[in-house]
Amino acid sequence: MTVRDDFRQEVERRVKEALNSLGCDSAFEVEAPSSGVADLAVPCFPLAKELRKAPQAIADELREMVPCEGPICAVESVNGYLNFFIDQDVLLRETLKEITERGEDYGRLPAKGVKVNVEHTSINPTGPIHVGRARNPIIGDTLARCLSYRGYDVETEYYVNDVGKQVVLLTWGMRNVPASAVEAAEADKADHRLVHYYRVANSMMEDDEAVRGEITAMLQRFEEGDEDVISTVREAVEVMLGGLRQTLDRINVTLDRYTWESQFIADGSAKDVVARLKRSPYCGEEGGAHHLELKEFGIHGKNTRFTFTRRDGTTLYTTRDLAYHLEKFRRADRAVDVLGEDQKLGSQQLIAALEILGCESKPEPMFYSFVSLPEGKMSTRRGTVVHLDELVEEAVSRAYQEVRKRREDLSEERMREIAEVVGVGAVRYNIVRVQPEKRMVFRWEDAMNFDGNSAPFLQYSHARACSILRKAGDFSLTVDETLLSDEYERRLVAALSLFPEVLRDCGENKRIHMLPSYGHELASAFNQFYAAVPVLSSGERRDARLTLVECCRIVLRNTIETLGLVALEEM
RNA sequence: GGGCGCGUGGCCUAGCCAGGAUAUGGCAGCAGCCUCCUAAGCUGCAAAUCAGGGGUUCGAAUCCCCUCGCGCUCGCCA
């Protein structure tokens, strides 16, 4: 229980008591005014009718009845609002004590014993990751970090699509496309190299009937469970995936588990799902193909059918996805799926079908809109794609120029290290800072932003704090509110105390875009403090101020790391 | 056509779920600040019919309805 939670409870309790003694037991709101006129406020307008008094009169009356005790240090009545102020001394003492004692665990909750699986990325392994889909790993990884902080036992997972025409085509291409037909096949990264085979195979299939025949035959053998074909496809996908993993590693995203779609064909569980669904009263059949009629499950549109077998009885992607989710729920209490907005209907159908199967858990989908270019959608065919590798490379080289400009004193190696972390950070930050469901248009100048609301801003503030502490040498941790009376210091403490509740919002409500926002607010408060208040030359206040700087360093680092970025000690 | 989502200063964005007091920040622009702890910073100025209309309410960016614009979707693809 933080001081802020305590404060809110106290306000609720006191107002309730006061209203009861006036013979009123209606509910009331406690809000945090955005304008900063108070720490918490109770609007008295809704009470006017029942108490038959003007809101201002009610606020005046309540003000006299509510004592200033504990964390409440002042109560005011303004414009029909009852305004409450938190005791700054208590806030400062408790917050700094908590941070210095808990360090990197400040804001972290004890283990809840709840397993949460976060499935993200799961990009079709037919080519490199492009920025249109780059939100997926970044959102998923950030959410996983937030959930861990909240005490969940988190496992991240990539569901690898190694079934179907696309991957068969890739595999065929790798074996049959002559090297001479492939431009730049010597690209060193597997995904960039292999995508050429995939593209050439695609056009060969379109133009050549014989090729089309070969692919169809291969696909058929795959469906029949031909082990040779299945393992060949899987090998091809493994190679491609190696390239994707390099990209993910570079942006600090690692997945705990890779689950292969073919598994659900091999172990018979997809067939099992088919058998169970066929017994459902919602099941229908047309020409041998089976479907569920989902009109009653809130599915709208022309076609409310969810087909789960083909005419020939083979399973579909969605059937395998059902088997996959049933399996996931055997090993996790909750399953979060980070999905592109094109999966909305599919996800709704999946949830309905799981209900029909009697599954008691529901996956929690989290959708993001695709990133597009100013001239429209990214398209591999039109060649209008920006790859994530390209974006990161560009950001890192921009960052390198910036470090070089400012820090001639650093070694070449150190400059490279800093540039890497700053460039990658800028890319991740610019993607998480906006609400996932909001559409993003990719512009190099925005993606390369190193000023203001950006990762380097947070990293820079952290480096500044580290620099002060480095120069200070030894000091004794001093939490003393009488030595930190400046308004900049108070604002900074207020920002520090917000961290736990911001994480709560990010984790429990999956509103991860609030974390960059908070980071910026905190770093900004620190930079203002830095500009206005001397630390190293502040006489008797020195230890207290160094303690405050130390607390900032800790919370900035916690924020930066929860965002999946690296907190630099110099830059 | 149906469903879902989005529309906030020139540009990007928070607030919308749980309606409240002068709408949050950033970029770009303009004017300042390095004899002091990193100027990737700080200070100030300027800039918004919260897409449009109607409704509910003491009160609407926020809730409801309609309209417009944009995105996604409506496969025996994955």
# chains A, B, ... in the order shown; residues from 1 in each chain; ligands from 1
>>> residues_around(residues="C63 of chain B", least_positions_apart="2", cutoff="12 Å", atoms="only C-alpha atoms (C1' of nucleotides)", output="PyMOL selection string")
chain B and resi 16-19+55-57+60-61+65
>>> interface_residues(of="chain B", to="chain A", cutoff="9 Å", atoms="only C-alpha atoms (C1' of nucleotides)", output="PyMOL selection string")
chain B and resi 2-6+12-15+20-22+24-27+36-38+40-42+58-59+71-74+76-78
>>> select_by_dssp(residues="segment 41-142 of chain A", states="strand (DSSP E or B)", output="list in words")
Ala41, Val42, Pro43, Ile72, Cys73, Ala74, Val75, Glu76, Ser77, Val78, Tyr81, Leu82, Asn83, Phe84, Phe85, Ile86, Lys115, Val116, Asn117, Val118, Glu119 and His130 of chain A
>>> select_by_dssp(residues="segment 389-561 of chain A", states="alpha helix (DSSP H)", output="MDAnalysis selection string")
chainID A and resid 389:406 412:432 444:447 455:472 487:497 499:508 514:532 542:561
>>> closest_residue(among="B:C64, B:G53, B:G75, B:U35", to="Phe306 of chain A", atoms="only C-alpha atoms (C1' of nucleotides)")
B:G75
>>> residues_around(residues="Asn117 of chain A", least_positions_apart="5", cutoff="7 Å", atoms="only C-alpha atoms (C1' of nucleotides)", output="PyMOL selection string")
chain A and resi 154-156+332+334-336
>>> write_last_selection(atoms="N, CA and C atoms", output="PDB file, in the first residue's frame")
ATOM      1  N   VAL A 154       5.169 -14.756 -16.177  1.00  0.00           N
ATOM      2  CA  VAL A 154       4.936 -14.516 -17.597  1.00  0.00           C
ATOM      3  C   VAL A 154       5.786 -15.409 -18.494  1.00  0.00           C
ATOM      4  N   GLU A 155       5.157 -15.945 -19.518  1.00  0.00           N
ATOM      5  CA  GLU A 155       5.906 -16.665 -20.537  1.00  0.00           C
ATOM      6  C   GLU A 155       5.544 -16.044 -21.888  1.00  0.00           C
ATOM      7  N   THR A 156       6.558 -15.726 -22.688  1.00  0.00           N
ATOM      8  CA  THR A 156       6.279 -15.169 -24.008  1.00  0.00           C
ATOM      9  C   THR A 156       6.456 -16.269 -25.051  1.00  0.00           C
ATOM     10  N   ALA A 332      -1.209 -22.372 -18.920  1.00  0.00           N
ATOM     11  CA  ALA A 332      -1.240 -20.998 -18.421  1.00  0.00           C
ATOM     12  C   ALA A 332      -2.650 -20.643 -17.956  1.00  0.00           C
ATOM     13  N   ARG A 334      -3.808 -17.469 -17.983  1.00  0.00           N
ATOM     14  CA  ARG A 334      -4.319 -16.463 -18.904  1.00  0.00           C
ATOM     15  C   ARG A 334      -3.495 -16.496 -20.180  1.00  0.00           C
ATOM     16  N   ALA A 335      -4.128 -16.153 -21.298  1.00  0.00           N
ATOM     17  CA  ALA A 335      -3.407 -16.098 -22.566  1.00  0.00           C
ATOM     18  C   ALA A 335      -3.710 -14.780 -23.254  1.00  0.00           C
ATOM     19  N   VAL A 336      -2.680 -13.990 -23.434  1.00  0.00           N
ATOM     20  CA  VAL A 336      -2.824 -12.724 -24.154  1.00  0.00           C
ATOM     21  C   VAL A 336      -2.300 -12.953 -25.572  1.00  0.00           C
TER      22      VAL A 336
END
>>> residues_around(residues="G29 of chain B", least_positions_apart="3", cutoff="12 Å", atoms="only C-alpha atoms (C1' of nucleotides)", output="ChimeraX atom specification")
/B:10,45-47
>>> write_last_selection(atoms="C-alpha atoms (C1' of nucleotides)", output="CSV table (one decimal), in the first residue's frame")
chain,number,residue,atom,x,y,z
B,10,G,C1',0.8,23.1,-39.3
B,45,C,C1',6.1,33.2,-27.0
B,46,A,C1',2.8,31.8,-30.6
B,47,A,C1',-0.7,28.0,-32.2
>>> residues_around(residues="segment 475-485 of chain A", least_positions_apart="4", cutoff="7 Å", atoms="only C-alpha atoms (C1' of nucleotides)", output="list in words")
Asp89, Leu92, Arg93, Leu96, Lys97, Glu489, Arg490, Arg541, Asp543, Ala544 and Thr547 of chain A
>>> write_last_selection(atoms="C-alpha atoms", output="PDB file, in the first residue's frame")
ATOM      1  CA  ASP A  89       6.302  15.631   3.963  1.00  0.00           C
ATOM      2  CA  LEU A  92       8.412  12.577   0.394  1.00  0.00           C
ATOM      3  CA  ARG A  93       9.516  10.523   3.368  1.00  0.00           C
ATOM      4  CA  LEU A  96      12.151   8.063  -0.907  1.00  0.00           C
ATOM      5  CA  LYS A  97      12.336   5.458   1.835  1.00  0.00           C
ATOM      6  CA  GLU A 489      12.204  18.815  -5.454  1.00  0.00           C
ATOM      7  CA  ARG A 490       8.592  18.405  -4.418  1.00  0.00           C
ATOM      8  CA  ARG A 541      21.492  19.824   1.735  1.00  0.00           C
ATOM      9  CA  ASP A 543      23.282  14.418   1.006  1.00  0.00           C
ATOM     10  CA  ALA A 544      19.531  14.875   0.878  1.00  0.00           C
ATOM     11  CA  THR A 547      19.545  10.850  -2.199  1.00  0.00           C
TER      12      THR A 547
END
>>> atom_distance(atom1="atom CA of Glu420 of chain A", atom2="atom CA of Gly376 of chain A")
29.7 Å
>>> decode(residues="segment 233-369 of chain A", atoms="C-alpha atoms", output="compact mmCIF listing (two decimals), in the first residue's frame")
# COMPACT_ATOMS: atom_id res chain seq x y z
CA VAL A 233 9.34 -27.47 -44.55
CA ARG A 234 10.19 -27.19 -40.92
CA GLU A 235 13.90 -27.05 -41.69
CA ALA A 236 13.34 -24.27 -44.19
CA VAL A 237 11.26 -22.33 -41.69
CA GLU A 238 13.95 -22.80 -39.02
CA VAL A 239 16.45 -21.08 -41.27
CA MET A 240 14.12 -18.18 -41.94
CA LEU A 241 13.27 -17.93 -38.27
CA GLY A 242 16.96 -17.65 -37.46
CA GLY A 243 17.02 -14.39 -39.36
CA LEU A 244 13.90 -13.09 -37.65
CA ARG A 245 15.35 -13.94 -34.26
CA GLN A 246 18.44 -11.89 -35.02
CA THR A 247 16.21 -8.90 -35.72
CA LEU A 248 14.26 -9.47 -32.52
CA ASP A 249 17.43 -9.93 -30.46
CA ARG A 250 18.73 -6.64 -31.69
CA ILE A 251 15.68 -4.79 -30.42
CA ASN A 252 15.97 -6.60 -27.10
CA VAL A 253 13.05 -8.94 -27.67
CA THR A 254 13.50 -12.58 -26.72
CA LEU A 255 10.77 -15.18 -26.65
CA ASP A 256 10.65 -17.93 -24.06
CA ARG A 257 9.00 -20.48 -26.29
CA TYR A 258 8.38 -21.30 -29.93
CA THR A 259 5.37 -23.45 -30.69
CA TRP A 260 5.09 -25.00 -34.13
CA GLU A 261 1.74 -25.14 -35.82
CA SER A 262 2.51 -28.53 -37.41
CA GLN A 263 2.58 -30.00 -33.91
CA PHE A 264 -1.22 -29.90 -33.76
CA ILE A 265 -1.50 -31.91 -36.91
CA ALA A 266 1.18 -34.37 -35.82
CA ASP A 267 -0.25 -35.06 -32.37
CA GLY A 268 -3.81 -35.39 -33.66
CA SER A 269 -5.19 -32.63 -31.50
CA ALA A 270 -6.51 -30.64 -34.46
CA LYS A 271 -8.43 -33.72 -35.61
CA ASP A 272 -9.73 -34.02 -32.08
CA VAL A 273 -11.08 -30.51 -32.22
CA VAL A 274 -12.81 -31.36 -35.49
CA ALA A 275 -14.49 -34.40 -33.95
CA ARG A 276 -15.71 -32.42 -30.96
CA LEU A 277 -16.99 -29.54 -33.05
CA LYS A 278 -18.90 -31.89 -35.32
CA ARG A 279 -20.97 -32.94 -32.31
CA SER A 280 -21.93 -29.36 -31.55
CA PRO A 281 -25.47 -28.15 -32.29
CA TYR A 282 -23.92 -25.16 -34.05
CA CYS A 283 -22.21 -27.37 -36.58
CA GLY A 284 -23.32 -27.39 -40.20
CA GLU A 285 -22.03 -29.12 -43.32
CA GLU A 286 -21.89 -28.22 -46.96
CA GLY A 287 -20.39 -30.44 -49.61
CA GLY A 288 -18.30 -32.23 -46.99
CA ALA A 289 -16.86 -29.07 -45.44
CA HIS A 290 -17.89 -28.32 -41.87
CA HIS A 291 -18.57 -25.01 -40.20
CA LEU A 292 -20.00 -23.47 -37.04
CA GLU A 293 -22.91 -21.06 -37.30
CA LEU A 294 -21.93 -18.20 -35.01
CA LYS A 295 -24.83 -15.78 -35.43
CA GLU A 296 -25.76 -16.29 -31.79
CA PHE A 297 -22.25 -15.40 -30.66
CA GLY A 298 -22.35 -11.78 -31.73
CA ILE A 299 -20.65 -12.36 -35.08
CA HIS A 300 -22.12 -10.02 -37.68
CA GLY A 301 -21.90 -9.63 -41.40
CA LYS A 302 -22.74 -11.50 -44.55
CA ASN A 303 -21.07 -14.64 -43.44
CA THR A 304 -21.41 -15.70 -39.84
CA ARG A 305 -19.91 -19.08 -40.59
CA PHE A 306 -16.66 -20.32 -39.20
CA THR A 307 -15.36 -23.12 -41.37
CA PHE A 308 -13.19 -25.70 -39.65
CA THR A 309 -12.69 -28.45 -42.21
CA ARG A 310 -12.23 -28.45 -45.94
CA ARG A 311 -14.31 -30.56 -48.30
CA ASP A 312 -11.57 -33.20 -48.17
CA GLY A 313 -11.68 -33.25 -44.40
CA THR A 314 -8.32 -31.57 -43.80
CA THR A 315 -7.97 -28.93 -41.08
CA LEU A 316 -7.57 -25.20 -41.52
CA TYR A 317 -5.38 -22.66 -39.80
CA THR A 318 -8.22 -21.73 -37.47
CA THR A 319 -8.78 -25.36 -36.48
CA ARG A 320 -5.14 -25.67 -35.50
CA ASP A 321 -5.40 -22.36 -33.65
CA LEU A 322 -8.20 -23.84 -31.55
CA ALA A 323 -6.09 -26.87 -30.66
CA TYR A 324 -3.23 -24.50 -29.89
CA HIS A 325 -5.31 -22.38 -27.52
CA LEU A 326 -6.69 -25.42 -25.71
CA GLU A 327 -3.11 -26.53 -25.21
CA LYS A 328 -2.03 -23.07 -24.06
CA PHE A 329 -4.73 -22.99 -21.43
CA ARG A 330 -3.45 -26.26 -20.03
CA ARG A 331 -0.17 -24.58 -19.19
CA ALA A 332 -1.24 -21.00 -18.42
CA ASP A 333 -4.04 -19.33 -16.48
CA ARG A 334 -4.32 -16.46 -18.90
CA ALA A 335 -3.41 -16.10 -22.57
CA VAL A 336 -2.82 -12.72 -24.15
CA ASP A 337 -2.65 -12.67 -27.96
CA VAL A 338 -1.02 -9.64 -29.56
CA LEU A 339 -2.60 -9.47 -32.99
CA GLY A 340 -2.86 -7.23 -36.02
CA GLU A 341 -6.22 -5.59 -36.57
CA ASP A 342 -6.86 -7.91 -39.52
CA GLN A 343 -7.27 -10.73 -36.98
CA LYS A 344 -10.24 -9.18 -35.20
CA LEU A 345 -12.94 -11.33 -36.74
CA GLY A 346 -10.80 -14.45 -36.55
CA SER A 347 -10.13 -13.85 -32.88
CA GLN A 348 -13.83 -13.34 -32.18
CA GLN A 349 -14.61 -16.60 -33.96
CA LEU A 350 -11.87 -18.36 -32.04
CA ILE A 351 -13.32 -17.20 -28.73
CA ALA A 352 -16.80 -18.35 -29.70
CA ALA A 353 -15.53 -21.74 -30.86
CA LEU A 354 -13.57 -22.21 -27.63
CA GLU A 355 -16.78 -21.54 -25.74
CA ILE A 356 -18.56 -24.17 -27.82
CA LEU A 357 -15.74 -26.58 -26.97
CA GLY A 358 -16.46 -25.94 -23.31
CA CYS A 359 -13.19 -24.13 -22.66
CA GLU A 360 -13.62 -22.01 -19.56
CA SER A 361 -10.87 -19.52 -20.32
CA LYS A 362 -10.97 -16.82 -22.95
CA PRO A 363 -7.91 -15.54 -24.74
CA GLU A 364 -7.36 -11.81 -24.27
CA PRO A 365 -6.63 -10.32 -27.67
CA MET A 366 -4.74 -7.08 -27.94
CA PHE A 367 -5.00 -5.49 -31.37
CA TYR A 368 -2.77 -2.99 -33.07
CA SER A 369 -3.26 -1.12 -36.33
